[in-house]
Amino acid sequence: MKTVTIQMAGNLWKLLVKKGDDVQKGQEVAILESMKMEIPIVAEEAGVISKVYKAEGDFVDEGEVLLELTE
Amino acid sequence: MFEQVLIANRGEIARRVIRTCKRLGIKTVAVYSEADQHALHVQEADSAYYIGGAKVSESYLNMEAIIKVAKQTNADAIHPGYGLLSENAAFAERCRSEGIAFIGPSAQVIQQMGNKIEARKTMEQAGIPIVPGVSAPLHDADEGVHKAQTLGYPIMLKASSGGGGIGMQLVRNDEELHRAFEGNQKRAQSFFQDGTLYMEKVIEHARHIEIQVLFDSFGHGVHLFERDCSLQRRHQKIVEEAPAVCLEETVRQQMGQMAVKAAKAIGYENAGTIECLVDQNQQFYFLEMNTRLQVEHPVTEEITGIDLVEEQLKIAALEPLSFSQEDIHQIGHAIEVRIYAEDPVTFYPSPGTITRLSTPDAPYIRHESSVTSGSVITPFYDPMIAKMIVYGDTRKLAIERLKAALQAYEIEGIKTNVPLLKEMAESTAFLHGRITTDYLMKKKEEKRS
């Protein structure tokens with residue numbers, strides 16, 4: 001199973017994709033707000049989003065899964 | 001003088017204010033969030049009160065909770081530090097209506113200078129040179145493009161309620177402006193609850209030079225000379241020094257006089273800073289006024305021997321200034337470096353636990369820090385965790401000492417910008433005083449291409 005994970009603790013400010021979306025490798029899928037800065041979260045691999053684990057405004061921690069992707 | 005002061009802030013600045021209060025025999029009240037229970041400022045104050053959750057909106061920006069503690073403890077005054085509520089006019093007004101002294105200027109002045117468009121207009125009327133730009137809100141991207149074509153690119157698109165480099169974007173052409181407009185508007189709305197944008201022409205290869213002023217409540221004011229804060233990343237300062245390098249003596253004098261005139265024109269009271277850009281022909285332009293104590297205030301303290309926090313407290317306690325302009329001199333040279341919990345290359349923040357911290361000690365080194373070994377850096381607050389200020393009789397000596405001090409600065413467990421600071425301290429551009437505000441951005445672009 002391919003996933004997009006959170007790189008850094010922070011507040012999930014913007015979710016730029018939804019379930020069923022086709023994402024490309026390197027695409028920005030969300031924006032995290034940490035220490036007063038916006039940090040883009042990028043998909044490392046391409047795929048179709050099968051599950052979204054977090055919602056905008058959620059506090060997220062390093063290593064947590066944000067999205068699940070299928071081929 | 002006050003008997004008890006509440007510090008409505010956290011981190012190094014809360015500790016800084018506590019230190020001067022202690023020296024003056026003033027009792028201190030700290031406030032803290034859930035994330036700061038073990039913070040040093042909480043341990044050092046005479047008393048400390050929990051005010052809410054980790055998010056700033058629940059704690060350090062929670063006016064009701066802070067006022068409640070102030071009343072409960074009979075605090076005479078509130079020191080807001082920098083950031084957070086320090087430039088919030090409603091908070092200043094609220095303090096005064098509750099009979100608590102707000103250590104800063106009047107709510108009206110905070111409002112006037114906090115709205116950057118109003119500030120431009122006010123200073124222009126007072127005869128202060130301002131950065132060429134538009135002193136009215138931009139309604140949409142098309143209007144922006146129209147105005148930008150008249151001014152000439154590159155343009156800095158800015159948020160009227162902005163600060164700390166947020167909501168600022170450099171645009172080089174119509175297309176970039178179109179692309180940046182909406183995003184910046186939204187960002188400004190989200191951060192400052194005001195999406196109003198305006199624009200200024202970019203002053204190429206400018207230096208950021210700012211003047212410290214102090215005005216008492218009787219209208220007497222002085223300037224404490226300048227600080228050069230040109231070394232920046234993401235429009236935020238990382239190294240500041242005083243005196244400024246390469247500033248002609250006549251320009252230095254003119255800028256000091258201009259700052260006093262500007263502060264007088266708005267009826268300023270307490271410590272404040274007039275920020276300017278200085279171009280390659282030594283022309284200076286008003287950028288904005290910060291109506292509070294600055295992060296980089298220690299460099300001014302080091303070269304003038306004046307404790308700015310002490311002066312702030314005295315002014316707020318309605319004491320007249322005890323010195324005049326002729327009594328203030330710049331002696332020696334001071335450089336401050338800001339230590340950020342961030343990746344030195346991408347500038348992305350790096351929360352985590354500091355597993356080891358060892359800092360150099362010398363009579364000419366001053367630390368303003370909020371951390372020790374074992375401190376946890378949470379994602380809730382600004383990534384600046386410490387400052388180191390180094391003094392020398394000459395700039396050359398100060399730089400030599402800075403280089404050695406940075407080599408001895410050991411911090412483990414999180415990423416910090418110390419490697420970048422070392423690189424800067426070692427660079428010939430810094431040594432020769434050739435740093436302009438676009439220096440790091442240009443360097444990054446060069447590396448990419």
# chains A, B, ... in the order shown; residues from 1 in each chain; ligands from 1
>>> residues_around(residues="Val42 in chain A", least_positions_apart="6", cutoff="6 Å", atoms="only C-alpha atoms", output="PyMOL selection string")
chain A and resi 26-29
>>> interface_residues(of="chain A", to="chain B", cutoff="9 Å", atoms="only C-alpha atoms", output="VMD selection string")
chain A and resid 8 to 11 33 to 39
>>> residues_around(residues="range 58-61 of chain A", least_positions_apart="2", cutoff="9 Å", atoms="only C-alpha atoms", output="ChimeraX atom specification")
/A:6-13,32,54-56,63-64,66
>>> residues_around(residues="Ile211 in chain B", least_positions_apart="6", cutoff="6 Å", atoms="only C-alpha atoms", output="count of residues only")
4
>>> closest_residue(among="B:Ser160, B:Thr300, B:Ser358, B:Ser47", to="Arg120 in chain B", atoms="only C-alpha atoms")
B:Ser160
>>> residues_around(residues="Ala46 in chain A", least_positions_apart="2", cutoff="12 Å", atoms="only C-alpha atoms", output="list in words")
Lys2, Thr3, Val4, Asp21, Asp22, Val23, Gln24, Lys25, Gly26, Gln27, Glu28, Val29, Val42, Ala43, Glu44, Val48, Ile49, Leu67, Glu68, Leu69, Thr70 and Glu71 of chain A
>>> write_last_selection(atoms="N, CA and C atoms", output="mmCIF file, in the first residue's frame")
data_model
loop_
_atom_site.group_PDB
_atom_site.id
_atom_site.type_symbol
_atom_site.label_atom_id
_atom_site.label_comp_id
_atom_site.auth_asym_id
_atom_site.auth_seq_id
_atom_site.Cartn_x
_atom_site.Cartn_y
_atom_site.Cartn_z
ATOM 1 N N LYS A 2 0.581 2.154 -0.939
ATOM 2 C CA LYS A 2 1.337 3.401 -0.990
ATOM 3 C C LYS A 2 0.639 4.438 -0.101
ATOM 4 N N THR A 3 1.437 5.209 0.598
ATOM 5 C CA THR A 3 0.850 6.237 1.471
ATOM 6 C C THR A 3 1.606 7.559 1.331
ATOM 7 N N VAL A 4 0.942 8.604 1.763
ATOM 8 C CA VAL A 4 1.623 9.903 1.917
ATOM 9 C C VAL A 4 1.643 10.162 3.417
ATOM 10 N N ASP A 21 -9.212 11.263 -6.215
ATOM 11 C CA ASP A 21 -8.349 12.103 -7.058
ATOM 12 C C ASP A 21 -7.127 11.319 -7.535
ATOM 13 N N ASP A 22 -6.722 11.670 -8.727
ATOM 14 C CA ASP A 22 -5.523 11.095 -9.321
ATOM 15 C C ASP A 22 -4.361 12.025 -8.965
ATOM 16 N N VAL A 23 -3.361 11.528 -8.283
ATOM 17 C CA VAL A 23 -2.237 12.423 -7.980
ATOM 18 C C VAL A 23 -0.961 11.970 -8.690
ATOM 19 N N GLN A 24 -0.159 12.936 -9.037
ATOM 20 C CA GLN A 24 1.099 12.668 -9.723
ATOM 21 C C GLN A 24 2.237 12.681 -8.714
ATOM 22 N N LYS A 25 3.313 12.045 -9.084
ATOM 23 C CA LYS A 25 4.506 12.088 -8.247
ATOM 24 C C LYS A 25 4.995 13.533 -8.158
ATOM 25 N N GLY A 26 5.218 14.002 -6.942
ATOM 26 C CA GLY A 26 5.706 15.371 -6.765
ATOM 27 C C GLY A 26 4.607 16.405 -6.607
ATOM 28 N N GLN A 27 3.355 15.960 -6.685
ATOM 29 C CA GLN A 27 2.240 16.901 -6.567
ATOM 30 C C GLN A 27 2.022 17.318 -5.104
ATOM 31 N N GLU A 28 1.699 18.595 -4.915
ATOM 32 C CA GLU A 28 1.377 19.073 -3.558
ATOM 33 C C GLU A 28 -0.016 18.591 -3.201
ATOM 34 N N VAL A 29 -0.131 17.878 -2.081
ATOM 35 C CA VAL A 29 -1.443 17.348 -1.702
ATOM 36 C C VAL A 29 -2.042 18.067 -0.496
ATOM 37 N N VAL A 42 4.093 16.759 -0.172
ATOM 38 C CA VAL A 42 4.160 16.321 -1.562
ATOM 39 C C VAL A 42 4.016 14.802 -1.648
ATOM 40 N N ALA A 43 3.277 14.328 -2.665
ATOM 41 C CA ALA A 43 3.152 12.883 -2.887
ATOM 42 C C ALA A 43 4.460 12.366 -3.488
ATOM 43 N N GLU A 44 5.014 11.342 -2.874
ATOM 44 C CA GLU A 44 6.295 10.777 -3.348
ATOM 45 C C GLU A 44 6.071 9.852 -4.539
ATOM 46 N N VAL A 48 -4.082 6.777 -7.156
ATOM 47 C CA VAL A 48 -5.432 7.303 -6.940
ATOM 48 C C VAL A 48 -5.697 7.251 -5.434
ATOM 49 N N ILE A 49 -6.243 8.330 -4.898
ATOM 50 C CA ILE A 49 -6.457 8.391 -3.448
ATOM 51 C C ILE A 49 -7.614 7.489 -3.041
ATOM 52 N N LEU A 67 -2.629 10.149 3.546
ATOM 53 C CA LEU A 67 -3.417 9.598 2.436
ATOM 54 C C LEU A 67 -2.975 8.182 2.114
ATOM 55 N N GLU A 68 -3.913 7.423 1.564
ATOM 56 C CA GLU A 68 -3.585 6.097 1.073
ATOM 57 C C GLU A 68 -3.817 6.125 -0.434
ATOM 58 N N LEU A 69 -2.891 5.536 -1.181
ATOM 59 C CA LEU A 69 -3.005 5.567 -2.647
ATOM 60 C C LEU A 69 -3.063 4.155 -3.203
ATOM 61 N N THR A 70 -3.850 3.974 -4.275
ATOM 62 C CA THR A 70 -3.809 2.706 -5.005
ATOM 63 C C THR A 70 -3.274 3.002 -6.401
ATOM 64 N N GLU A 71 -2.853 1.939 -7.077
ATOM 65 C CA GLU A 71 -2.235 2.118 -8.413
ATOM 66 C C GLU A 71 -3.223 2.769 -9.379
#
>>> atom_distance(atom1="CA of Phe430 in chain B", atom2="CA of Leu157 in chain B")
28.0 Å
>>> closest_residue(among="B:Ala39, B:Leu138, B:Leu308, B:Ala101", to="Val295 in chain B", atoms="only C-alpha atoms")
B:Leu308
>>> select_by_dssp(residues="chain A", states="strand (DSSP E or B)", output="number ranges by chain")
A: 2-5, 10-15, 22-23, 28-34, 37-42, 47-52, 59-60, 65-70
>>> residues_around(residues="Gln125 in chain B", least_positions_apart="2", cutoff="12 Å", atoms="only C-alpha atoms", output="MDAnalysis selection string")
chainID B and resid 118:123 127:130 135 261:262 265:266
>>> write_last_selection(atoms="N, CA and C atoms", output="short mmCIF file (atom, residue, chain, number, x, y, z; two decimals), in the first residue's frame")
data_model
loop_
_atom_site.label_atom_id
_atom_site.label_comp_id
_atom_site.auth_asym_id
_atom_site.auth_seq_id
_atom_site.Cartn_x
_atom_site.Cartn_y
_atom_site.Cartn_z
N GLU B 118 -2.06 53.15 6.23
CA GLU B 118 -2.24 54.36 7.03
C GLU B 118 -0.87 54.92 7.46
N ALA B 119 0.02 54.00 7.84
CA ALA B 119 1.35 54.42 8.29
C ALA B 119 2.09 55.15 7.17
N ARG B 120 1.99 54.62 5.95
CA ARG B 120 2.62 55.28 4.80
C ARG B 120 2.09 56.70 4.63
N LYS B 121 0.76 56.81 4.68
CA LYS B 121 0.12 58.13 4.50
C LYS B 121 0.56 59.09 5.59
N THR B 122 0.52 58.61 6.84
CA THR B 122 0.87 59.46 7.98
C THR B 122 2.30 59.98 7.86
N MET B 123 3.22 59.09 7.51
CA MET B 123 4.62 59.49 7.42
C MET B 123 4.86 60.43 6.25
N GLY B 127 6.28 64.48 6.23
CA GLY B 127 7.47 64.87 5.47
C GLY B 127 8.60 63.86 5.52
N ILE B 128 8.25 62.60 5.81
CA ILE B 128 9.26 61.54 5.87
C ILE B 128 9.28 60.83 4.51
N PRO B 129 10.47 60.60 3.94
CA PRO B 129 10.49 59.90 2.65
C PRO B 129 10.00 58.45 2.79
N ILE B 130 9.06 58.04 1.94
CA ILE B 130 8.55 56.66 2.00
C ILE B 130 8.94 55.91 0.72
N SER B 135 -0.42 53.98 -1.79
CA SER B 135 -0.90 54.16 -0.42
C SER B 135 -2.41 54.03 -0.34
N LYS B 261 11.62 62.92 14.47
CA LYS B 261 10.56 63.75 13.88
C LYS B 261 9.31 62.91 13.59
N ALA B 262 9.52 61.72 13.04
CA ALA B 262 8.40 60.82 12.71
C ALA B 262 7.65 60.42 13.98
N ALA B 265 5.68 63.27 15.35
CA ALA B 265 4.51 63.60 14.52
C ALA B 265 3.28 62.77 14.90
N ILE B 266 3.50 61.55 15.40
CA ILE B 266 2.35 60.71 15.74
C ILE B 266 2.09 60.67 17.25
#
>>> residues_around(residues="range 330-337 of chain B", least_positions_apart="5", cutoff="6 Å", atoms="only C-alpha atoms", output="MDAnalysis selection string")
chainID B and resid 238:242 299 303:304 387:395
